[in-house]
Protein chains: 4
Amino acid sequence: MTSLAQRTQHAWPDGARCVIGLTLDFDGTSLERGRDQLPFGARSHGRYSAKCGIPRFVDMFTRQEVPWTFYVSGYDAEESPDLVRSIARSGIEIGSHGYLHEGVDPGDAEPELLERTHKLLSDITGTAPKGWRSPSGHKTARTLHKLRELGYVYDSSDKDFDLPYLLRYGGQEHDNYLCLPNNTSSLDDFPFYRVSYTPPSEVLTHWMQEFDAIYAEGGYFNLTVHPRVGR
Amino acid sequence: MTSLAQRTQHAWPDGARCVIGLTLDFDGTSLERGRDQLPFGARSHGRYSAKCGIPRFVDMFTRQEVPWTFYVSGYDAEESPDLVRSIARSGIEIGSHGYLHEGVDPGDAEPELLERTHKLLSDITGTAPKGWRSPSGHKTARTLHKLRELGYVYDSSDKDFDLPYLLRYGGQEHDNYLCLPNNTSSLDDFPFYRVSYTPPSEVLTHWMQEFDAIYAEGGYFNLTVHPRVGR
Amino acid sequence: MTSLAQRTQHAWPDGARCVIGLTLDFDGTSLERGRDQLPFGARSHGRYSAKCGIPRFVDMFTRQEVPWTFYVSGYDAEESPDLVRSIARSGIEIGSHGYLHEGVDPGDAEPELLERTHKLLSDITGTAPKGWRSPSGHKTARTLHKLRELGYVYDSSDKDFDLPYLLRYGGQEHDNYLCLPNNTSSLDDFPFYRVSYTPPSEVLTHWMQEFDAIYAEGGYFNLTVHPRVGR
Amino acid sequence: MTSLAQRTQHAWPDGARCVIGLTLDFDGTSLERGRDQLPFGARSHGRYSAKCGIPRFVDMFTRQEVPWTFYVSGYDAEESPDLVRSIARSGIEIGSHGYLHEGVDPGDAEPELLERTHKLLSDITGTAPKGWRSPSGHKTARTLHKLRELGYVYDSSDKDFDLPYLLRYGGQEHDNYLCLPNNTSSLDDFPFYRVSYTPPSEVLTHWMQEFDAIYAEGGYFNLTVHPRVGR
């Protein structure tokens, strides 16, 4: 078998066989607020993030000293500035994730929303975010233009490859902008906990099998979790 | 690892490590009646509650002498007063659960519906209910105002935490009103039996794993079952 | 534990502990035709019944000499009269199942549709059907009135109990009309093969566990399969 | 037990017990383009096919020297002519699969779309395709008329049998046109990876059980995979 690395003439730095990305989407009440819903009762899942899910992850993963990136929306940062500051201080990277977790293309309002979120996260954490993840996957030329103007060097929104790649944009490869594809089918907790209701022990087995397959290919294992979903 | 208890400076009374809530939603034909559906044929699941599911639970759980709370709608109590009386007599707590299992915010009609259900349950069982669960999760300031006027001291409708908490309401913590969050993702039989069609033996494995995780954290394990769903 | 039989003062004849019903819904192209769809390409599943699924069941279950009931719509009987005749000749009971697998209440047209299907099945098989199953679960007083006029003595459409029961209708118990509840959550192949895509070996485990539970209670195990669904 | 082969008086050539079809739907960005969606961000799954999924399959299955058929839309061929040429050169059969993966009946535009795709695939690969699969299952008399005019000898779109069969069309059996039914319930990766989120190891178990059942019957095992779905 030729591996992914061989087929694509790709080699990881320092002789690494495989690279792992560990990412978390904060997804607090911004998701409901962005839909004009009150985050109470049946719509209170978003409050679980700040009260329970995020602190548990911060505790677990800073203790393990494994690098993570948490994608945070502007609204959630405004609502939980102390928590977001403590995430950043623990050494976890903060990426931006929309203002109100915009589920559809915000149109002409997008540049201002990107800028507002950028400023909020920069002010709260003391560091300008360098990475972005589209809240629900929309991403256009307008998005990219504004992101690069704000100094972003990567986003993690596409589901099109098993390796990171430099963006080809306007027909050119830009060596200062990187796409880190994520996999919302098999390396994301959302469908397992909210669509198929798969028990966590099976999800772990699934992810370990996926890791084995990606490792064998020399690929990029990019995991996404949502601490508002299930436990 | 710091536990949930440590992170939140929470301690259970009497040195308990973890607290378990066992709850059941009666969900008889009120659900169909509230949608102007006739509870026959394909829509006859609600009749299973009173005829089969509830008596089985009353038999099982009073025999085990483990405390349970059954949430009952006003309509279901009117339709099965003897059964509801026998539930209460067996020692199971009765909470209120809407009049016609209102699936959306009933608007200005809500106070009267809450009051009617409260009176029905009080008259049938001889005891005023102290707890409420929103039938489909809606819960607003108007709901809370009326519940407290009627003497309720807790509700179990939010999905935002792994511990009970005192309500902060109008900026203040009210030490006489408690939220008992329930978990409709992983500790509720509904999605397993009506969405993912998971076999009961796997559901049990799942719940046992969830219990182990919550026990390790010193949290609150709040289980919800619906005897109208599957067996 | 008190069993279902004890709680309901029910006893099976001849000291039987549990009774099993094995039922199959033919569900040929009537389902698509009833929705004005052409049964080709992606909508060709219904043709699988007559060409493949039903002959396999007839072969398997007549060989095993275990009694089954096949519910057949009038349209499917018109389209496959030889197959329906051979089902009846093999010793399998034929029940009626709508004319075009009517998915919603046919309104005033219902009596004529029930009568047409009744005549078709009677003429083709030489025996008047005695049982009916609502195609998609609708069932009203009008349905029952016509069914009893045509000589039906039971239907298997409700999901409200774990035992057969005599119909209470207009406030009275009619000792000549029986309801055989079926369970479309856990004892039906449809949700497992078309909603949750559960492997057949797991479905078998599931059904065996359900049987054990029903047997322990002295209940009624009523299985429903659809040979148009999956294999 | 009488087998499917016995019941249908069917015999495979050369004493074969069972025949296996291995098929792949390319499903690149044509699917999104056909819906007027931009294939970026959340809608970038289609790009995975050409960049990652298809090359992996070409590598795996040409190495194994097992015959496969890849169904390719005209638009995807236009977008990735080199890849499609390399698929054909590797010895994999190319079938046609719509122009823009038309999800609904294209009406009067269909003949031109079939012809355009046919010409594109013929020009790129140097060989006229002989087989067609309906992109989303629609298939009418108009489709068949045009396919046969273009020289197609089979399609693989219906879900109505466990054996290939000669088309009966206009009341006649045409011995030069074959239907190769595919099974989109249990022998297709789409529902497992995008509906039920079943781990790949379970999918393999499922398919092996299906194979055993089909082998025992002497049937036709026709597998369909989509390298845009999950991994």
# chains A, B, ... in the order shown; residues from 1 in each chain; ligands from 1
>>> calpha_fit_and_write(fixed="chain D", moving="chain C", output="compact mmCIF listing (two decimals) with C-alpha atoms, in the first residue's frame")
# COMPACT_ATOMS: atom_id res chain seq x y z
CA MET C 1 -34.55 -24.35 2.80
CA THR C 2 -34.97 -23.63 -0.88
CA SER C 3 -32.46 -21.01 -1.94
CA LEU C 4 -33.13 -17.85 -3.91
CA ALA C 5 -31.51 -19.62 -6.87
CA GLN C 6 -33.96 -22.53 -6.56
CA ARG C 7 -37.02 -20.34 -6.06
CA THR C 8 -36.18 -18.28 -9.14
CA GLN C 9 -34.66 -21.06 -11.29
CA HIS C 10 -31.55 -18.97 -11.53
CA ALA C 11 -28.04 -20.33 -12.05
CA TRP C 12 -24.79 -18.39 -12.21
CA PRO C 13 -22.43 -19.18 -15.10
CA ASP C 14 -19.51 -21.56 -14.59
CA GLY C 15 -21.00 -23.07 -11.44
CA ALA C 16 -20.43 -19.90 -9.39
CA ARG C 17 -22.26 -19.91 -6.09
CA CYS C 18 -22.57 -16.15 -5.66
CA VAL C 19 -21.50 -13.01 -7.55
CA ILE C 20 -20.05 -9.88 -5.99
CA GLY C 21 -20.28 -6.36 -7.38
CA LEU C 22 -18.01 -3.69 -5.89
CA THR C 23 -19.08 -0.17 -6.74
CA LEU C 24 -18.07 3.33 -5.75
CA ASP C 25 -19.89 6.61 -6.36
CA PHE C 26 -17.35 9.42 -6.95
CA ASP C 27 -19.74 12.13 -5.70
CA GLY C 28 -17.33 15.05 -5.79
CA THR C 29 -18.44 18.66 -5.67
CA SER C 30 -21.08 17.96 -8.35
CA LEU C 31 -23.51 17.23 -5.54
CA GLU C 32 -23.16 20.70 -3.99
CA ARG C 33 -22.90 22.47 -7.35
CA GLY C 34 -26.11 20.77 -8.44
CA ARG C 35 -27.81 22.34 -5.44
CA ASP C 36 -26.27 25.79 -6.05
CA GLN C 37 -24.11 25.44 -2.96
CA LEU C 38 -20.46 26.49 -2.68
CA PRO C 39 -18.28 23.47 -1.85
CA PHE C 40 -16.39 25.16 0.99
CA GLY C 41 -16.42 24.88 4.78
CA ALA C 42 -19.27 22.69 5.94
CA ARG C 43 -20.04 21.84 2.30
CA SER C 44 -16.51 20.80 1.40
CA HIS C 45 -17.04 17.03 1.80
CA GLY C 46 -17.21 16.60 -1.97
CA ARG C 47 -13.65 17.85 -2.39
CA TYR C 48 -12.52 14.98 -0.14
CA SER C 49 -13.38 12.51 -2.94
CA ALA C 50 -10.86 13.78 -5.48
CA LYS C 51 -8.20 14.84 -2.99
CA CYS C 52 -8.22 11.87 -0.68
CA GLY C 53 -10.94 9.23 -0.92
CA ILE C 54 -10.69 8.24 -4.59
CA PRO C 55 -6.86 8.07 -4.72
CA ARG C 56 -6.93 5.85 -1.62
CA PHE C 57 -9.43 3.50 -3.29
CA VAL C 58 -7.53 3.45 -6.57
CA ASP C 59 -4.39 2.57 -4.62
CA MET C 60 -6.05 -0.11 -2.51
CA PHE C 61 -8.15 -1.86 -5.06
CA THR C 62 -5.90 -1.87 -8.08
CA ARG C 63 -3.23 -3.37 -5.79
CA GLN C 64 -5.72 -6.09 -4.83
CA GLU C 65 -6.60 -6.69 -8.51
CA VAL C 66 -10.29 -7.09 -7.72
CA PRO C 67 -12.63 -5.55 -10.33
CA TRP C 68 -14.50 -2.40 -9.31
CA THR C 69 -16.85 0.05 -11.02
CA PHE C 70 -16.68 3.76 -10.19
CA TYR C 71 -19.77 5.82 -11.10
CA VAL C 72 -18.72 9.36 -12.06
CA SER C 73 -20.79 12.46 -12.87
CA GLY C 74 -19.98 14.62 -15.87
CA TYR C 75 -19.18 17.65 -13.72
CA ASP C 76 -16.76 15.73 -11.51
CA ALA C 77 -15.03 14.37 -14.61
CA GLU C 78 -14.68 17.90 -16.02
CA GLU C 79 -13.23 19.09 -12.72
CA SER C 80 -10.80 16.17 -12.28
CA PRO C 81 -10.04 14.86 -15.78
CA ASP C 82 -6.58 13.56 -14.85
CA LEU C 83 -7.90 11.63 -11.88
CA VAL C 84 -10.74 10.13 -13.93
CA ARG C 85 -8.26 9.16 -16.66
CA SER C 86 -6.01 7.51 -14.07
CA ILE C 87 -8.98 5.60 -12.61
CA ALA C 88 -9.79 4.23 -16.06
CA ARG C 89 -6.15 3.41 -16.81
CA SER C 90 -5.81 1.48 -13.58
CA GLY C 91 -8.38 -0.96 -14.95
CA ILE C 92 -11.40 0.19 -12.94
CA GLU C 93 -14.63 0.38 -14.96
CA ILE C 94 -16.15 3.86 -15.24
CA GLY C 95 -19.95 4.16 -15.26
CA SER C 96 -21.89 7.40 -15.64
CA HIS C 97 -23.71 9.02 -12.75
CA GLY C 98 -25.55 12.13 -13.94
CA TYR C 99 -24.06 15.47 -14.89
CA LEU C 100 -24.53 17.49 -11.67
CA HIS C 101 -25.59 14.49 -9.57
CA GLU C 102 -29.18 15.49 -10.34
CA GLY C 103 -31.15 14.71 -7.19
CA VAL C 104 -34.56 15.01 -8.79
CA ASP C 105 -35.90 14.12 -12.20
CA PRO C 106 -34.33 16.71 -14.55
CA GLY C 107 -37.39 16.48 -16.83
CA ASP C 108 -36.89 17.40 -20.49
CA ALA C 109 -33.28 18.40 -19.80
CA GLU C 110 -32.36 14.79 -19.02
CA PRO C 111 -31.45 13.49 -22.48
CA GLU C 112 -28.99 16.32 -23.06
CA LEU C 113 -27.44 15.81 -19.60
CA LEU C 114 -27.05 12.07 -20.19
CA GLU C 115 -25.47 12.73 -23.55
CA ARG C 116 -23.10 15.41 -22.25
CA THR C 117 -21.88 13.16 -19.43
CA HIS C 118 -21.53 10.25 -21.84
CA LYS C 119 -19.38 12.31 -24.19
CA LEU C 120 -17.25 13.73 -21.35
CA LEU C 121 -16.48 10.32 -19.87
CA SER C 122 -15.86 8.81 -23.32
CA ASP C 123 -13.47 11.60 -24.31
CA ILE C 124 -11.54 11.62 -21.02
CA THR C 125 -11.16 7.88 -20.62
CA GLY C 126 -11.10 6.86 -24.29
CA THR C 127 -13.89 4.33 -23.71
CA ALA C 128 -17.65 4.81 -23.85
CA PRO C 129 -19.27 3.88 -20.54
CA LYS C 130 -21.63 0.91 -20.70
CA GLY C 131 -23.25 1.25 -17.28
CA TRP C 132 -25.21 3.95 -15.48
CA ARG C 133 -26.32 4.54 -11.93
CA SER C 134 -29.02 7.06 -11.18
CA PRO C 135 -27.46 9.76 -8.93
CA SER C 136 -30.33 9.82 -6.44
CA GLY C 137 -32.46 7.03 -7.72
CA HIS C 138 -34.85 8.68 -10.20
CA LYS C 139 -35.33 6.61 -13.36
CA THR C 140 -38.12 6.85 -15.89
CA ALA C 141 -38.96 5.52 -19.35
CA ARG C 142 -37.30 8.64 -20.80
CA THR C 143 -34.07 7.84 -18.98
CA LEU C 144 -34.04 4.27 -20.30
CA HIS C 145 -34.82 5.30 -23.87
CA LYS C 146 -31.83 7.67 -23.96
CA LEU C 147 -29.49 5.27 -22.15
CA ARG C 148 -30.15 2.54 -24.68
CA GLU C 149 -29.78 4.97 -27.60
CA LEU C 150 -26.32 5.83 -26.18
CA GLY C 151 -25.38 2.15 -26.06
CA TYR C 152 -25.72 1.46 -22.33
CA VAL C 153 -26.28 -2.20 -21.49
CA TYR C 154 -27.00 -2.00 -17.78
CA ASP C 155 -27.90 0.23 -14.88
CA SER C 156 -27.51 -0.21 -11.15
CA SER C 157 -30.24 1.94 -9.64
CA ASP C 158 -33.08 -0.27 -8.40
CA LYS C 159 -33.43 -1.82 -4.95
CA ASP C 160 -35.90 -4.51 -5.85
CA PHE C 161 -34.11 -7.86 -6.00
CA ASP C 162 -31.15 -9.94 -4.80
CA LEU C 163 -30.22 -10.99 -8.34
CA PRO C 164 -29.48 -9.14 -11.57
CA TYR C 165 -32.33 -9.34 -14.08
CA LEU C 166 -33.09 -8.51 -17.67
CA LEU C 167 -35.29 -5.48 -17.99
CA ARG C 168 -38.94 -5.98 -18.78
CA TYR C 169 -39.92 -2.79 -20.51
CA GLY C 170 -43.06 -2.10 -22.47
CA GLY C 171 -44.20 -5.58 -21.53
CA GLN C 172 -41.17 -7.28 -23.08
CA GLU C 173 -37.95 -8.73 -21.76
CA HIS C 174 -34.98 -7.08 -23.42
CA ASP C 175 -32.08 -9.45 -23.48
CA ASN C 176 -29.62 -6.66 -24.10
CA TYR C 177 -30.33 -4.56 -21.01
CA LEU C 178 -29.51 -5.65 -17.48
CA CYS C 179 -30.53 -4.31 -14.06
CA LEU C 180 -27.94 -4.76 -11.30
CA PRO C 181 -29.93 -3.89 -8.15
CA ASN C 182 -28.03 -2.21 -5.35
CA ASN C 183 -29.00 -2.21 -1.70
CA THR C 184 -28.93 1.24 -0.12
CA SER C 185 -30.09 -0.05 3.26
CA SER C 186 -27.50 -2.57 4.34
CA LEU C 187 -24.82 -2.70 1.62
CA ASP C 188 -24.11 1.01 1.29
CA ASP C 189 -21.74 2.98 3.51
CA PHE C 190 -23.81 6.16 3.35
CA PRO C 191 -26.46 5.37 6.00
CA PHE C 192 -23.88 3.85 8.34
CA TYR C 193 -21.51 6.81 8.22
CA ARG C 194 -23.98 9.67 7.86
CA VAL C 195 -27.19 8.49 9.51
CA SER C 196 -26.40 5.95 12.20
CA TYR C 197 -22.69 6.83 12.74
CA THR C 198 -21.80 3.15 13.06
CA PRO C 199 -18.09 2.48 13.69
CA PRO C 200 -16.32 1.00 10.64
CA SER C 201 -15.50 -2.23 12.49
CA GLU C 202 -19.24 -2.82 13.05
CA VAL C 203 -20.01 -1.98 9.44
CA LEU C 204 -17.51 -4.64 8.40
CA THR C 205 -19.17 -7.20 10.68
CA HIS C 206 -22.54 -6.21 9.24
CA TRP C 207 -21.38 -6.62 5.64
CA MET C 208 -19.77 -9.96 6.39
CA GLN C 209 -23.04 -11.20 7.87
CA GLU C 210 -24.91 -9.93 4.84
CA PHE C 211 -22.44 -11.69 2.59
CA ASP C 212 -22.92 -14.97 4.45
CA ALA C 213 -26.69 -14.67 4.02
CA ILE C 214 -26.45 -13.85 0.31
CA TYR C 215 -23.86 -16.56 -0.30
CA ALA C 216 -26.11 -19.13 1.36
CA GLU C 217 -28.89 -18.10 -1.03
CA GLY C 218 -26.75 -17.99 -4.15
CA GLY C 219 -27.54 -14.31 -4.58
CA TYR C 220 -25.83 -11.14 -5.77
CA PHE C 221 -23.79 -9.09 -3.28
CA ASN C 222 -23.60 -5.54 -4.64
CA LEU C 223 -21.66 -3.17 -2.38
CA THR C 224 -21.72 0.64 -2.73
CA VAL C 225 -19.23 3.01 -1.13
CA HIS C 226 -18.92 6.80 -1.18
CA PRO C 227 -15.41 8.13 -0.47
CA ARG C 228 -16.85 11.55 0.33
CA VAL C 229 -18.60 10.16 3.37
CA GLY C 230 -16.65 9.94 6.60
CA ARG C 231 -13.27 8.39 6.00
>>> select_by_dssp(residues="range 8-220 of chain C", states="strand (DSSP E)", output="NGL selection string")
:C and (19-25 or 69-72 or 93-96 or 131-132 or 154-155 or 165-169 or 172-179 or 220)
>>> write_last_selection(atoms="C-alpha atoms", output="JSON list (two decimals), in the first residue's frame")
[["chain", "number", "residue", "atom", "x", "y", "z"],
["C", 19, "VAL", "CA", -48.25, -16.14, 23.64],
["C", 20, "ILE", "CA", -46.33, -15.21, 20.52],
["C", 21, "GLY", "CA", -47.73, -13.51, 17.44],
["C", 22, "LEU", "CA", -45.63, -13.50, 14.26],
["C", 23, "THR", "CA", -46.79, -10.98, 11.70],
["C", 24, "LEU", "CA", -45.55, -9.65, 8.39],
["C", 25, "ASP", "CA", -46.70, -6.59, 6.46],
["C", 69, "THR", "CA", -50.18, -13.77, 9.69],
["C", 70, "PHE", "CA", -49.35, -11.69, 6.60],
["C", 71, "TYR", "CA", -51.17, -8.35, 6.30],
["C", 72, "VAL", "CA", -51.78, -7.54, 2.62],
["C", 93, "GLU", "CA", -53.25, -16.40, 7.64],
["C", 94, "ILE", "CA", -53.99, -13.38, 5.44],
["C", 95, "GLY", "CA", -55.18, -10.18, 7.12],
["C", 96, "SER", "CA", -56.15, -6.99, 5.32],
["C", 131, "GLY", "CA", -58.10, -9.62, 10.94],
["C", 132, "TRP", "CA", -57.00, -6.13, 9.95],
["C", 154, "TYR", "CA", -59.72, -8.49, 15.52],
["C", 155, "ASP", "CA", -57.24, -5.81, 14.57],
["C", 165, "TYR", "CA", -57.79, -7.19, 25.04],
["C", 166, "LEU", "CA", -61.45, -7.06, 24.15],
["C", 167, "LEU", "CA", -62.44, -3.75, 22.67],
["C", 168, "ARG", "CA", -64.32, -1.31, 24.83],
["C", 169, "TYR", "CA", -66.28, 0.74, 22.36],
["C", 172, "GLN", "CA", -69.08, -1.34, 26.38],
["C", 173, "GLU", "CA", -66.84, -4.35, 26.16],
["C", 174, "HIS", "CA", -67.51, -6.28, 22.98],
["C", 175, "ASP", "CA", -66.66, -9.90, 23.49],
["C", 176, "ASN", "CA", -66.51, -10.54, 19.78],
["C", 177, "TYR", "CA", -63.80, -8.03, 18.86],
["C", 178, "LEU", "CA", -60.19, -8.35, 19.94],
["C", 179, "CYS", "CA", -57.25, -5.92, 19.87],
["C", 220, "TYR", "CA", -47.88, -11.20, 24.57]]
